[in-house]
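Q: Could you have a look at this structure, given as structure tokens, before my questions?
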Amino acid sequence: MHALDTSTCVLLLGGQENSLSIARNLGRQNIEVRVSGRKTCWASYSRFCKKAYTVPNDLDTKEYWYNLLLAPDTVLLEG
């Protein structure tokens, strides 16, 4: 059996109970967890969340995630 590669962080997008459960599970395996969602996204408040990207109330979630992940000038999450 191969060892688990934990060198790449994971970004969870949105969610409530499921994202919190996933963040806990990955965090316990020493995988860095980052979360993006509204202020109501439970995983953002988990001790396993290393960085939270909160979607502003005045922006559409899809628009925010596009700018966060795919916009040409985005380098925040490069790699």
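Numbering starts fresh at 1 for the residues of each chain in the structure tokens, the chains themselves are lettered A, B, ... in the order given, and ligands are numbered from 1 as they appear.
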Need the shell around stretch 38-41 of chain A: protein/DNA/RNA residues with any atom at most 6 Å away, counting only C-alpha atoms. Skip same-chain ones fewer than 3 positions apart. Format as a CSV table (one decimal) with C-alpha atoms, in the first residue's frame?
A:
chain,number,residue,atom,x,y,z
A,15,GLY,CA,-21.7,23.3,1.6
A,16,GLN,CA,-23.0,22.9,5.1
A,44,SER,CA,-15.1,27.8,7.3
A,54,THR,CA,-15.8,34.1,2.2
A,55,VAL,CA,-18.1,35.0,-0.7
Q: Write out as a PyMOL selection string the set of residues from chain A that DSSP, computed on the backbone, places in alpha helix (DSSP H).
A: chain A and resi 17-28+61-69
Q: Which is closer to A:Leu20 than all the others in A:Tyr45, A:Leu69, A:Leu4, A:Tyr64, using only C-alpha atoms?
A: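 When distances to A:Leu20 are compared using only C-alpha atoms, the smallest one comes from A:Tyr45.
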Q: Looking at A:Pro56, A:Gly27, A:Arg34, A:Ile22, which one is nearest to A:Thr6, with distances taken over only C-alpha atoms?
A: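 Between A:Pro56, A:Gly27, A:Arg34, A:Ile22, the residue approaching A:Thr6 most closely is A:Gly27.
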Q: Quick one: everything within 7 Å of A:Tyr53, counting only C-alpha atoms, minus sequence neighbours fewer than 2 positions away in the same chain. Send it as a PyMOL selection string.
A: chain A and resi 35-37+51+55
Q: For the selection you just gave me, I'd like the residues written to a file as a CSV table (one decimal), in the first residue's frame, keeping N, CA and C atoms.
A:
chain,number,residue,atom,x,y,z
A,35,VAL,N,-11.4,26.6,2.4
A,35,VAL,CA,-12.8,26.6,2.2
A,35,VAL,C,-13.3,27.9,1.6
A,36,SER,N,-14.2,27.8,0.6
A,36,SER,CA,-14.8,29.0,0.1
A,36,SER,C,-16.4,28.8,0.1
A,37,GLY,N,-17.1,29.8,0.6
A,37,GLY,CA,-18.5,29.7,0.7
A,37,GLY,C,-19.0,31.0,1.3
A,51,LYS,N,-7.6,28.2,5.7
A,51,LYS,CA,-7.8,29.5,5.1
A,51,LYS,C,-9.3,29.5,4.6
A,55,VAL,N,-17.4,34.3,0.4
A,55,VAL,CA,-18.1,35.0,-0.7
A,55,VAL,C,-18.9,36.2,-0.2
Q: Give me, please, the distance in Å between atom CA of A:Ser7 and atom CA of A:Pro72, quoted to one decimal.
A: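 Between atom CA of A:Ser7 and atom CA of A:Pro72 the gap works out to 25.1 Å.
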Q: Taking only C-alpha atoms into account, name the residue in A:Glu32, A:Asn25, A:Glu17, A:Ala52 that is nearest to A:Asp5.
A: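 Between A:Glu32, A:Asn25, A:Glu17, A:Ala52, the residue approaching A:Asp5 most closely is A:Glu32.
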Q: For the strand (DSSP E or B) assignment from backbone DSSP, which residues of chain A qualify? Please present them as a list in words.
A: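 Everything in chain A that counts as strand (DSSP E or B) is Val10, Leu11, Leu12, Leu13, Val33, Arg34, Val35, Ser36, Gly37, Cys49, Lys50, Lys51, Ala52, Tyr53 and Thr54 of chain A.
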Q: Could you check how far atom CA of A:Leu26 sits from atom CA of A:Leu59, in Å to one decimal?
A: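 Distance reported for this atom pair: 28.6 Å.
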Q: Rounded to one decimal, what separation in Å do you get between atom CA of A:Asn18 and atom CA of A:Ala43?
A: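 Those two atoms sit 8.5 Å apart.
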